$ cat structure.csv   # CSV, N, CA, C and O atoms
chain,number,residue,atom,x,y,z
A,408,MET,N,26.0,97.9,-95.7
A,408,MET,CA,25.5,99.0,-96.4
A,408,MET,C,25.9,99.0,-97.9
A,408,MET,O,25.2,99.4,-98.8
A,409,ALA,N,27.1,98.5,-98.2
A,409,ALA,CA,27.6,98.4,-99.6
A,409,ALA,C,26.7,97.4,-100.4
A,409,ALA,O,26.4,97.7,-101.5
A,410,ALA,N,26.3,96.3,-99.7
A,410,ALA,CA,25.4,95.4,-100.4
A,410,ALA,C,24.1,96.0,-100.8
A,410,ALA,O,23.5,95.8,-101.9
A,411,GLU,N,23.5,96.8,-99.9
A,411,GLU,CA,22.2,97.4,-100.1
A,411,GLU,C,22.4,98.5,-101.3
A,411,GLU,O,21.5,98.6,-102.1
A,412,ALA,N,23.5,99.2,-101.3
A,412,ALA,CA,23.7,100.2,-102.3
A,412,ALA,C,23.9,99.5,-103.7
A,412,ALA,O,23.3,100.0,-104.7
A,413,LEU,N,24.6,98.4,-103.7
A,413,LEU,CA,24.8,97.7,-104.9
A,413,LEU,C,23.5,97.1,-105.4
A,413,LEU,O,23.2,97.2,-106.6
A,414,ALA,N,22.8,96.5,-104.5
A,414,ALA,CA,21.5,95.9,-104.9
A,414,ALA,C,20.5,97.0,-105.5
A,414,ALA,O,19.8,96.8,-106.5
A,415,LEU,N,20.5,98.2,-104.9
A,415,LEU,CA,19.7,99.3,-105.4
A,415,LEU,C,20.1,99.7,-106.8
A,415,LEU,O,19.3,99.9,-107.7
A,416,HIS,N,21.4,99.8,-107.0
A,416,HIS,CA,22.0,100.2,-108.3
A,416,HIS,C,21.6,99.1,-109.3
A,416,HIS,O,21.1,99.5,-110.4
A,417,ILE,N,21.8,97.9,-109.0
A,417,ILE,CA,21.4,96.8,-109.9
A,417,ILE,C,19.9,96.8,-110.2
A,417,ILE,O,19.5,96.6,-111.4
A,418,SER,N,19.1,97.0,-109.2
A,418,SER,CA,17.7,97.1,-109.4
A,418,SER,C,17.3,98.2,-110.4
A,418,SER,O,16.4,98.0,-111.3
A,419,GLY,N,18.0,99.3,-110.3
A,419,GLY,CA,17.7,100.4,-111.2
A,419,GLY,C,18.1,100.1,-112.6
A,419,GLY,O,17.5,100.4,-113.6
A,420,MET,N,19.3,99.4,-112.7
A,420,MET,CA,19.7,98.9,-114.1
A,420,MET,C,18.7,98.0,-114.7
A,420,MET,O,18.3,98.1,-115.9
A,421,VAL,N,18.1,97.1,-113.9
A,421,VAL,CA,17.1,96.1,-114.4
A,421,VAL,C,15.9,96.9,-114.8
A,421,VAL,O,15.3,96.6,-115.9
A,422,GLU,N,15.4,97.8,-114.0
A,422,GLU,CA,14.2,98.6,-114.3
A,422,GLU,C,14.4,99.4,-115.6
A,422,GLU,O,13.5,99.6,-116.4
A,423,ASP,N,15.7,99.9,-115.8
A,423,ASP,CA,16.0,100.7,-117.0
A,423,ASP,C,16.3,99.8,-118.2
A,423,ASP,O,16.6,100.3,-119.3
A,424,GLY,N,16.3,98.5,-118.1
A,424,GLY,CA,16.5,97.5,-119.2
A,424,GLY,C,18.0,97.4,-119.5
A,424,GLY,O,18.3,97.0,-120.6
A,425,GLU,N,18.9,97.9,-118.6
A,425,GLU,CA,20.3,97.8,-118.9
A,425,GLU,C,20.8,96.4,-118.6
A,425,GLU,O,20.4,95.8,-117.7
A,426,PRO,N,21.9,96.0,-119.3
A,426,PRO,CA,22.4,94.7,-119.0
A,426,PRO,C,23.2,94.7,-117.7
A,426,PRO,O,23.9,95.8,-117.4
A,427,ILE,N,23.2,93.7,-117.0
A,427,ILE,CA,24.0,93.6,-115.7
A,427,ILE,C,25.3,93.0,-116.1
A,427,ILE,O,25.4,91.9,-116.6
A,428,PRO,N,26.4,93.7,-115.8
A,428,PRO,CA,27.8,93.2,-116.1
A,428,PRO,C,28.1,92.0,-115.2
A,428,PRO,O,27.6,91.9,-114.1
A,429,GLU,N,29.1,91.2,-115.6
A,429,GLU,CA,29.6,90.1,-114.8
A,429,GLU,C,30.3,90.7,-113.6
A,429,GLU,O,30.9,91.8,-113.7
A,430,PRO,N,30.3,90.1,-112.5
A,430,PRO,CA,31.0,90.6,-111.3
A,430,PRO,C,32.5,90.6,-111.5
A,430,PRO,O,33.0,89.8,-112.2
A,431,SER,N,33.1,91.6,-110.9
A,431,SER,CA,34.6,91.7,-111.0
A,431,SER,C,35.2,90.8,-109.9
A,431,SER,O,34.6,90.6,-108.9
A,432,THR,N,36.4,90.4,-110.2
A,432,THR,CA,37.1,89.6,-109.1
A,432,THR,C,38.0,90.6,-108.4
A,432,THR,O,38.3,91.7,-108.9
A,433,ILE,N,38.5,90.2,-107.2
A,433,ILE,CA,39.5,91.0,-106.5
A,433,ILE,C,40.7,91.2,-107.4
A,433,ILE,O,41.3,92.3,-107.4
A,434,HIS,N,41.1,90.1,-108.1
A,434,HIS,CA,42.3,90.2,-108.9
A,434,HIS,C,42.1,91.2,-110.0
A,434,HIS,O,43.0,92.0,-110.3
A,435,ASP,N,40.9,91.2,-110.7
A,435,ASP,CA,40.7,92.2,-111.7
A,435,ASP,C,40.8,93.6,-111.2
A,435,ASP,O,41.4,94.5,-111.9
A,436,VAL,N,40.2,93.9,-110.1
A,436,VAL,CA,40.3,95.2,-109.5
A,436,VAL,C,41.7,95.6,-109.1
A,436,VAL,O,42.1,96.7,-109.4
A,437,ALA,N,42.4,94.7,-108.5
A,437,ALA,CA,43.8,94.9,-108.1
A,437,ALA,C,44.7,95.3,-109.3
A,437,ALA,O,45.6,96.1,-109.2
A,438,GLU,N,44.4,94.7,-110.5
A,438,GLU,CA,45.3,95.0,-111.7
A,438,GLU,C,44.8,96.2,-112.5
A,438,GLU,O,45.5,96.6,-113.4
A,439,ASP,N,43.7,96.8,-112.1
A,439,ASP,CA,43.2,97.9,-112.9
A,439,ASP,C,43.9,99.2,-112.4
A,439,ASP,O,43.8,99.6,-111.2
A,440,PRO,N,44.7,99.9,-113.3
A,440,PRO,CA,45.4,101.0,-112.9
A,440,PRO,C,44.5,102.2,-112.4
A,440,PRO,O,44.9,102.9,-111.5
A,441,ALA,N,43.3,102.2,-112.8
A,441,ALA,CA,42.4,103.3,-112.3
A,441,ALA,C,42.0,103.0,-110.9
A,441,ALA,O,41.5,103.9,-110.2
A,442,MET,N,42.2,101.8,-110.4
A,442,MET,CA,41.9,101.5,-109.0
A,442,MET,C,43.1,101.4,-108.1
A,442,MET,O,43.0,100.8,-107.0
A,443,SER,N,44.2,102.0,-108.5
A,443,SER,CA,45.5,101.8,-107.7
A,443,SER,C,45.4,102.3,-106.3
A,443,SER,O,46.1,101.8,-105.4
A,444,ARG,N,44.6,103.3,-106.0
A,444,ARG,CA,44.5,103.8,-104.6
A,444,ARG,C,43.2,103.3,-104.0
A,444,ARG,O,42.9,103.8,-102.9
A,445,ALA,N,42.4,102.5,-104.6
A,445,ALA,CA,41.2,102.0,-104.1
A,445,ALA,C,41.4,100.8,-103.1
A,445,ALA,O,42.4,100.1,-103.1
A,446,VAL,N,40.4,100.7,-102.2
A,446,VAL,CA,40.4,99.5,-101.3
A,446,VAL,C,39.3,98.6,-101.9
A,446,VAL,O,38.1,99.0,-102.0
A,447,ALA,N,39.7,97.4,-102.2
A,447,ALA,CA,38.8,96.4,-102.8
A,447,ALA,C,38.2,95.5,-101.8
A,447,ALA,O,39.0,95.1,-100.8
A,448,PHE,N,37.0,95.2,-101.8
A,448,PHE,CA,36.4,94.2,-100.9
A,448,PHE,C,35.2,93.5,-101.7
A,448,PHE,O,34.6,94.1,-102.6
A,449,LEU,N,34.9,92.3,-101.3
A,449,LEU,CA,33.8,91.6,-101.9
A,449,LEU,C,32.5,91.9,-101.3
A,449,LEU,O,32.3,92.1,-100.1
A,450,VAL,N,31.5,92.0,-102.2
A,450,VAL,CA,30.1,92.4,-101.8
A,450,VAL,C,29.2,91.3,-102.4
A,450,VAL,O,29.2,91.2,-103.6
A,451,SER,N,28.4,90.6,-101.6
A,451,SER,CA,27.4,89.7,-102.1
A,451,SER,C,26.1,90.3,-102.2
A,451,SER,O,25.7,91.0,-101.2
A,452,VAL,N,25.4,90.2,-103.3
A,452,VAL,CA,24.1,90.8,-103.5
A,452,VAL,C,23.1,89.8,-103.8
A,452,VAL,O,23.2,89.0,-104.8
A,453,GLY,N,22.0,89.8,-103.1
A,453,GLY,CA,20.8,88.9,-103.5
A,453,GLY,C,19.9,89.8,-104.3
A,453,GLY,O,19.6,91.0,-103.9
A,454,LEU,N,19.3,89.3,-105.3
A,454,LEU,CA,18.5,90.2,-106.2
A,454,LEU,C,17.0,89.8,-106.0
A,454,LEU,O,16.2,90.1,-106.9
A,455,ASP,N,16.6,89.2,-104.9
A,455,ASP,CA,15.2,89.0,-104.6
A,455,ASP,C,14.5,90.4,-104.4
A,455,ASP,O,15.1,91.3,-103.9
A,456,LYS,N,13.3,90.4,-104.8
A,456,LYS,CA,12.5,91.7,-104.6
A,456,LYS,C,12.3,91.9,-103.1
A,456,LYS,O,11.9,91.0,-102.4
A,457,THR,N,12.4,93.1,-102.7
A,457,THR,CA,12.1,93.4,-101.3
A,457,THR,C,10.6,93.8,-101.2
A,457,THR,O,10.1,94.4,-102.0
A,458,VAL,N,10.0,93.3,-100.1
A,458,VAL,CA,8.6,93.5,-99.9
A,458,VAL,C,8.4,94.2,-98.6
A,458,VAL,O,9.1,93.8,-97.6
A,459,ARG,N,7.6,95.2,-98.6
A,459,ARG,CA,7.3,95.9,-97.3
A,459,ARG,C,6.2,95.2,-96.6
A,459,ARG,O,5.2,94.8,-97.3
A,460,LEU,N,6.2,95.1,-95.3
A,460,LEU,CA,5.2,94.5,-94.6
A,460,LEU,C,4.9,95.2,-93.2
A,460,LEU,O,5.8,95.9,-92.8
A,461,ASN,N,3.8,95.0,-92.7
A,461,ASN,CA,3.5,95.5,-91.3
A,461,ASN,C,3.4,94.3,-90.4
A,461,ASN,O,2.9,93.2,-90.7
A,462,ILE,N,3.8,94.6,-89.1
A,462,ILE,CA,3.6,93.6,-88.1
A,462,ILE,C,2.9,94.2,-86.9
A,462,ILE,O,2.9,95.5,-86.8
A,463,THR,N,2.4,93.4,-86.0
A,463,THR,CA,1.8,94.0,-84.8
A,463,THR,C,2.7,93.5,-83.6
A,463,THR,O,3.0,92.3,-83.5
A,464,ALA,N,3.1,94.4,-82.8
A,464,ALA,CA,3.9,94.1,-81.6
A,464,ALA,C,3.7,95.2,-80.6
A,464,ALA,O,3.3,96.3,-80.9
A,465,ARG,N,3.9,94.8,-79.3
A,465,ARG,CA,3.8,95.8,-78.2
A,465,ARG,C,5.0,96.8,-78.4
A,465,ARG,O,6.0,96.5,-78.8
A,466,GLU,N,4.7,98.0,-77.9
A,466,GLU,CA,5.7,99.0,-77.9
A,466,GLU,C,7.0,98.6,-77.2
A,466,GLU,O,8.1,98.9,-77.7
A,467,SER,N,6.9,97.9,-76.1
A,467,SER,CA,8.1,97.5,-75.4
A,467,SER,C,8.8,96.4,-76.2
A,467,SER,O,10.1,96.4,-76.1
A,468,GLN,N,8.1,95.6,-77.0
A,468,GLN,CA,8.8,94.6,-77.8
A,468,GLN,C,9.6,95.3,-78.9
A,468,GLN,O,10.7,94.9,-79.2
A,469,VAL,N,9.0,96.3,-79.5
A,469,VAL,CA,9.6,97.1,-80.6
A,469,VAL,C,10.8,97.8,-80.1
A,469,VAL,O,11.9,97.8,-80.7
A,470,ALA,N,10.7,98.3,-78.9
A,470,ALA,CA,11.9,99.0,-78.3
A,470,ALA,C,13.0,98.1,-78.0
A,470,ALA,O,14.2,98.4,-78.2
A,471,ALA,N,12.7,96.9,-77.5
A,471,ALA,CA,13.7,95.8,-77.3
A,471,ALA,C,14.4,95.4,-78.6
A,471,ALA,O,15.6,95.2,-78.6
A,472,ILE,N,13.6,95.2,-79.6
A,472,ILE,CA,14.1,94.8,-80.9
A,472,ILE,C,15.0,95.9,-81.4
A,472,ILE,O,16.1,95.7,-81.9
A,473,ASP,N,14.6,97.2,-81.3
A,473,ASP,CA,15.4,98.3,-81.8
A,473,ASP,C,16.7,98.4,-81.1
A,473,ASP,O,17.8,98.6,-81.7
A,474,GLN,N,16.7,98.1,-79.8
A,474,GLN,CA,17.9,98.2,-79.0
A,474,GLN,C,18.9,97.1,-79.4
A,474,GLN,O,20.1,97.3,-79.6
A,475,LYS,N,18.4,95.9,-79.6
A,475,LYS,CA,19.2,94.7,-80.0
A,475,LYS,C,19.8,95.0,-81.4
A,475,LYS,O,20.9,94.7,-81.7
A,476,ALA,N,18.9,95.5,-82.3
A,476,ALA,CA,19.4,95.8,-83.7
A,476,ALA,C,20.5,96.8,-83.6
A,476,ALA,O,21.5,96.7,-84.3
A,477,GLU,N,20.3,97.9,-82.8
A,477,GLU,CA,21.4,98.9,-82.7
A,477,GLU,C,22.7,98.3,-82.2
A,477,GLU,O,23.7,98.6,-82.7
A,478,GLU,N,22.6,97.5,-81.2
A,478,GLU,CA,23.8,96.9,-80.6
A,478,GLU,C,24.5,96.0,-81.6
A,478,GLU,O,25.7,95.9,-81.6
A,479,ALA,N,23.7,95.4,-82.5
A,479,ALA,CA,24.3,94.5,-83.6
A,479,ALA,C,24.7,95.3,-84.8
A,479,ALA,O,25.3,94.7,-85.7
A,480,GLY,N,24.4,96.6,-84.8
A,480,GLY,CA,24.8,97.4,-86.0
A,480,GLY,C,23.9,97.1,-87.2
A,480,GLY,O,24.4,97.2,-88.3
A,481,MET,N,22.7,96.8,-86.9
A,481,MET,CA,21.8,96.4,-88.0
A,481,MET,C,20.5,97.3,-88.0
A,481,MET,O,20.2,97.9,-86.9
A,482,THR,N,19.8,97.3,-89.1
A,482,THR,CA,18.5,98.0,-89.1
A,482,THR,C,17.5,97.0,-88.4
A,482,THR,O,17.8,95.8,-88.2
A,483,ARG,N,16.4,97.6,-88.0
A,483,ARG,CA,15.3,96.7,-87.4
A,483,ARG,C,14.9,95.6,-88.4
A,483,ARG,O,14.8,94.5,-88.0
A,484,SER,N,14.7,95.9,-89.6
A,484,SER,CA,14.3,94.9,-90.6
A,484,SER,C,15.3,93.8,-90.7
A,484,SER,O,15.0,92.7,-90.7
A,485,ALA,N,16.6,94.2,-90.9
A,485,ALA,CA,17.7,93.2,-91.1
A,485,ALA,C,17.8,92.3,-89.9
A,485,ALA,O,17.9,91.1,-90.0
A,486,TYR,N,17.7,92.9,-88.7
A,486,TYR,CA,17.8,92.2,-87.4
A,486,TYR,C,16.6,91.2,-87.3
A,486,TYR,O,16.8,90.0,-87.0
A,487,MET,N,15.4,91.6,-87.6
A,487,MET,CA,14.3,90.7,-87.5
A,487,MET,C,14.3,89.6,-88.5
A,487,MET,O,14.0,88.4,-88.2
A,488,VAL,N,14.7,89.9,-89.7
A,488,VAL,CA,14.8,88.8,-90.8
A,488,VAL,C,15.9,87.8,-90.4
A,488,VAL,O,15.6,86.6,-90.5
A,489,ARG,N,17.0,88.3,-90.0
A,489,ARG,CA,18.1,87.3,-89.6
A,489,ARG,C,17.7,86.5,-88.4
A,489,ARG,O,17.9,85.3,-88.4
A,490,ALA,N,17.1,87.1,-87.5
A,490,ALA,CA,16.6,86.3,-86.3
A,490,ALA,C,15.5,85.3,-86.7
A,490,ALA,O,15.6,84.2,-86.2
A,491,ALA,N,14.6,85.7,-87.5
A,491,ALA,CA,13.5,84.9,-87.9
A,491,ALA,C,14.0,83.7,-88.7
A,491,ALA,O,13.4,82.6,-88.6
A,492,LEU,N,15.0,83.9,-89.5
A,492,LEU,CA,15.5,82.8,-90.4
A,492,LEU,C,16.6,82.0,-89.7
A,492,LEU,O,17.1,81.1,-90.3
A,493,GLY,N,16.8,82.3,-88.4
A,493,GLY,CA,17.7,81.4,-87.6
A,493,GLY,C,19.2,81.6,-88.0
A,493,GLY,O,20.0,80.8,-87.8
A,494,ARG,N,19.5,82.8,-88.6
A,494,ARG,CA,20.9,83.0,-89.1
A,494,ARG,C,21.7,83.7,-88.0
A,494,ARG,O,22.9,84.0,-88.2
A,495,GLY,N,21.1,83.9,-86.9
A,495,GLY,CA,21.8,84.6,-85.8
A,495,GLY,C,21.9,86.1,-86.1
A,495,GLY,O,21.7,86.5,-87.2
A,496,THR,N,22.3,86.8,-85.1
A,496,THR,CA,22.5,88.3,-85.3
A,496,THR,C,24.0,88.5,-84.9
A,496,THR,O,24.5,87.8,-84.1
A,497,GLN,N,24.6,89.5,-85.5
A,497,GLN,CA,26.0,89.7,-85.3
A,497,GLN,C,26.2,91.0,-84.6
A,497,GLN,O,25.5,92.0,-85.0
A,498,LYS,N,27.1,91.0,-83.7
A,498,LYS,CA,27.5,92.3,-83.0
A,498,LYS,C,29.0,92.5,-83.3
A,498,LYS,O,29.8,91.6,-83.2
A,499,LYS,N,29.3,93.7,-83.7
A,499,LYS,CA,30.6,94.1,-84.0
A,499,LYS,C,31.3,94.4,-82.7
A,499,LYS,O,30.8,95.2,-81.9
A,500,THR,N,32.5,93.8,-82.5
A,500,THR,CA,33.3,94.1,-81.3
A,500,THR,C,34.8,94.1,-81.7
A,500,THR,O,35.3,93.2,-82.3
A,501,SER,N,35.4,95.2,-81.5
A,501,SER,CA,36.8,95.5,-81.8
A,501,SER,C,37.3,94.8,-83.1
A,501,SER,O,38.2,94.1,-83.2
A,502,GLY,N,36.5,95.2,-84.2
A,502,GLY,CA,36.9,94.7,-85.5
A,502,GLY,C,36.5,93.3,-85.8
A,502,GLY,O,36.6,92.9,-86.9
A,503,ARG,N,36.0,92.5,-84.9
A,503,ARG,CA,35.6,91.2,-85.1
A,503,ARG,C,34.1,91.1,-85.0
A,503,ARG,O,33.5,91.9,-84.4
A,504,ARG,N,33.5,90.1,-85.6
A,504,ARG,CA,32.1,89.9,-85.5
A,504,ARG,C,31.8,88.7,-84.6
A,504,ARG,O,32.4,87.7,-84.8
A,505,VAL,N,30.9,88.9,-83.7
A,505,VAL,CA,30.5,87.8,-82.8
A,505,VAL,C,29.1,87.4,-83.2
A,505,VAL,O,28.2,88.2,-83.3
A,506,VAL,N,28.9,86.1,-83.4
A,506,VAL,CA,27.6,85.6,-83.7
A,506,VAL,C,26.8,85.4,-82.5
A,506,VAL,O,27.2,84.7,-81.6
A,507,ARG,N,25.6,86.0,-82.4
A,507,ARG,CA,24.7,85.8,-81.3
A,507,ARG,C,23.6,84.9,-81.8
A,507,ARG,O,23.0,85.1,-82.8
A,508,GLN,N,23.2,84.0,-81.0
A,508,GLN,CA,22.1,83.1,-81.3
A,508,GLN,C,20.9,83.3,-80.4
A,508,GLN,O,21.0,83.6,-79.3

$ encode --input "structure.csv" --output "structure tokens"
Amino acid sequence: MAAEALALHISGMVEDGEPIPEPSTIHDVAEDPAMSRAVAFLVSVGLDKTVRLNITARESQVAAIDQKAEEAGMTRSAYMVRAALGRGTQKKTSGRRVVRQ
């Protein structure tokens, strides 16, 4: 969710003609006094344009995809893209991620 939020923010900056700043490092954030109580984590953002598309599938297939996406903690779109690209789908279990193929 952080990656999607950051990508949306950066897209807005691009649309508004604002310069995109260089990414911060964990070290930079850790040394910033304004961030002393913050939790820092890395977020990778792809800046490819998102395209909306329609597909045709049986209701039962869509229901099965939705169930698997929910189990993996993903949206339908994210689940379908990862599965189609052979990147596997991930399911969160007790703080660890398990890759499903």

$ residues_around --input "structure.csv" --residues "stretch 455-472 of chain A" --least-positions-apart "6" --cutoff "12 Å" --atoms "only C-alpha atoms" --output "PDB file with N, CA, C and O atoms, keeping the file's coordinate frame"
ATOM      1  N   GLU A 411      23.500  96.800 -99.900  1.00  0.00           N
ATOM      2  CA  GLU A 411      22.200  97.400-100.100  1.00  0.00           C
ATOM      3  C   GLU A 411      22.400  98.500-101.300  1.00  0.00           C
ATOM      4  O   GLU A 411      21.500  98.600-102.100  1.00  0.00           O
ATOM      5  N   ALA A 414      22.800  96.500-104.500  1.00  0.00           N
ATOM      6  CA  ALA A 414      21.500  95.900-104.900  1.00  0.00           C
ATOM      7  C   ALA A 414      20.500  97.000-105.500  1.00  0.00           C
ATOM      8  O   ALA A 414      19.800  96.800-106.500  1.00  0.00           O
ATOM      9  N   LEU A 415      20.500  98.200-104.900  1.00  0.00           N
ATOM     10  CA  LEU A 415      19.700  99.300-105.400  1.00  0.00           C
ATOM     11  C   LEU A 415      20.100  99.700-106.800  1.00  0.00           C
ATOM     12  O   LEU A 415      19.300  99.900-107.700  1.00  0.00           O
ATOM     13  N   ILE A 417      21.800  97.900-109.000  1.00  0.00           N
ATOM     14  CA  ILE A 417      21.400  96.800-109.900  1.00  0.00           C
ATOM     15  C   ILE A 417      19.900  96.800-110.200  1.00  0.00           C
ATOM     16  O   ILE A 417      19.500  96.600-111.400  1.00  0.00           O
ATOM     17  N   SER A 418      19.100  97.000-109.200  1.00  0.00           N
ATOM     18  CA  SER A 418      17.700  97.100-109.400  1.00  0.00           C
ATOM     19  C   SER A 418      17.300  98.200-110.400  1.00  0.00           C
ATOM     20  O   SER A 418      16.400  98.000-111.300  1.00  0.00           O
ATOM     21  N   VAL A 421      18.100  97.100-113.900  1.00  0.00           N
ATOM     22  CA  VAL A 421      17.100  96.100-114.400  1.00  0.00           C
ATOM     23  C   VAL A 421      15.900  96.900-114.800  1.00  0.00           C
ATOM     24  O   VAL A 421      15.300  96.600-115.900  1.00  0.00           O
ATOM     25  N   GLU A 478      22.600  97.500 -81.200  1.00  0.00           N
ATOM     26  CA  GLU A 478      23.800  96.900 -80.600  1.00  0.00           C
ATOM     27  C   GLU A 478      24.500  96.000 -81.600  1.00  0.00           C
ATOM     28  O   GLU A 478      25.700  95.900 -81.600  1.00  0.00           O
ATOM     29  N   ALA A 479      23.700  95.400 -82.500  1.00  0.00           N
ATOM     30  CA  ALA A 479      24.300  94.500 -83.600  1.00  0.00           C
ATOM     31  C   ALA A 479      24.700  95.300 -84.800  1.00  0.00           C
ATOM     32  O   ALA A 479      25.300  94.700 -85.700  1.00  0.00           O
ATOM     33  N   MET A 481      22.700  96.800 -86.900  1.00  0.00           N
ATOM     34  CA  MET A 481      21.800  96.400 -88.000  1.00  0.00           C
ATOM     35  C   MET A 481      20.500  97.300 -88.000  1.00  0.00           C
ATOM     36  O   MET A 481      20.200  97.900 -86.900  1.00  0.00           O
ATOM     37  N   THR A 482      19.800  97.300 -89.100  1.00  0.00           N
ATOM     38  CA  THR A 482      18.500  98.000 -89.100  1.00  0.00           C
ATOM     39  C   THR A 482      17.500  97.000 -88.400  1.00  0.00           C
ATOM     40  O   THR A 482      17.800  95.800 -88.200  1.00  0.00           O
ATOM     41  N   ARG A 483      16.400  97.600 -88.000  1.00  0.00           N
ATOM     42  CA  ARG A 483      15.300  96.700 -87.400  1.00  0.00           C
ATOM     43  C   ARG A 483      14.900  95.600 -88.400  1.00  0.00           C
ATOM     44  O   ARG A 483      14.800  94.500 -88.000  1.00  0.00           O
ATOM     45  N   SER A 484      14.700  95.900 -89.600  1.00  0.00           N
ATOM     46  CA  SER A 484      14.300  94.900 -90.600  1.00  0.00           C
ATOM     47  C   SER A 484      15.300  93.800 -90.700  1.00  0.00           C
ATOM     48  O   SER A 484      15.000  92.700 -90.700  1.00  0.00           O
ATOM     49  N   ALA A 485      16.600  94.200 -90.900  1.00  0.00           N
ATOM     50  CA  ALA A 485      17.700  93.200 -91.100  1.00  0.00           C
ATOM     51  C   ALA A 485      17.800  92.300 -89.900  1.00  0.00           C
ATOM     52  O   ALA A 485      17.900  91.100 -90.000  1.00  0.00           O
ATOM     53  N   TYR A 486      17.700  92.900 -88.700  1.00  0.00           N
ATOM     54  CA  TYR A 486      17.800  92.200 -87.400  1.00  0.00           C
ATOM     55  C   TYR A 486      16.600  91.200 -87.300  1.00  0.00           C
ATOM     56  O   TYR A 486      16.800  90.000 -87.000  1.00  0.00           O
ATOM     57  N   MET A 487      15.400  91.600 -87.600  1.00  0.00           N
ATOM     58  CA  MET A 487      14.300  90.700 -87.500  1.00  0.00           C
ATOM     59  C   MET A 487      14.300  89.600 -88.500  1.00  0.00           C
ATOM     60  O   MET A 487      14.000  88.400 -88.200  1.00  0.00           O
ATOM     61  N   VAL A 488      14.700  89.900 -89.700  1.00  0.00           N
ATOM     62  CA  VAL A 488      14.800  88.800 -90.800  1.00  0.00           C
ATOM     63  C   VAL A 488      15.900  87.800 -90.400  1.00  0.00           C
ATOM     64  O   VAL A 488      15.600  86.600 -90.500  1.00  0.00           O
ATOM     65  N   ALA A 490      17.100  87.100 -87.500  1.00  0.00           N
ATOM     66  CA  ALA A 490      16.600  86.300 -86.300  1.00  0.00           C
ATOM     67  C   ALA A 490      15.500  85.300 -86.700  1.00  0.00           C
ATOM     68  O   ALA A 490      15.600  84.200 -86.200  1.00  0.00           O
ATOM     69  N   THR A 496      22.300  86.800 -85.100  1.00  0.00           N
ATOM     70  CA  THR A 496      22.500  88.300 -85.300  1.00  0.00           C
ATOM     71  C   THR A 496      24.000  88.500 -84.900  1.00  0.00           C
ATOM     72  O   THR A 496      24.500  87.800 -84.100  1.00  0.00           O
TER      73      THR A 496
END

$ select_by_dssp --input "structure.csv" --residues "chain A" --states "alpha helix (DSSP H)" --output "MDAnalysis selection string"
chainID A and resid 409:422 433:438 466:479 483:491

$ atom_distance --input "structure.csv" --atom1 "atom CA of A:Leu492" --atom2 "atom CA of A:Val452"
17.6 Å
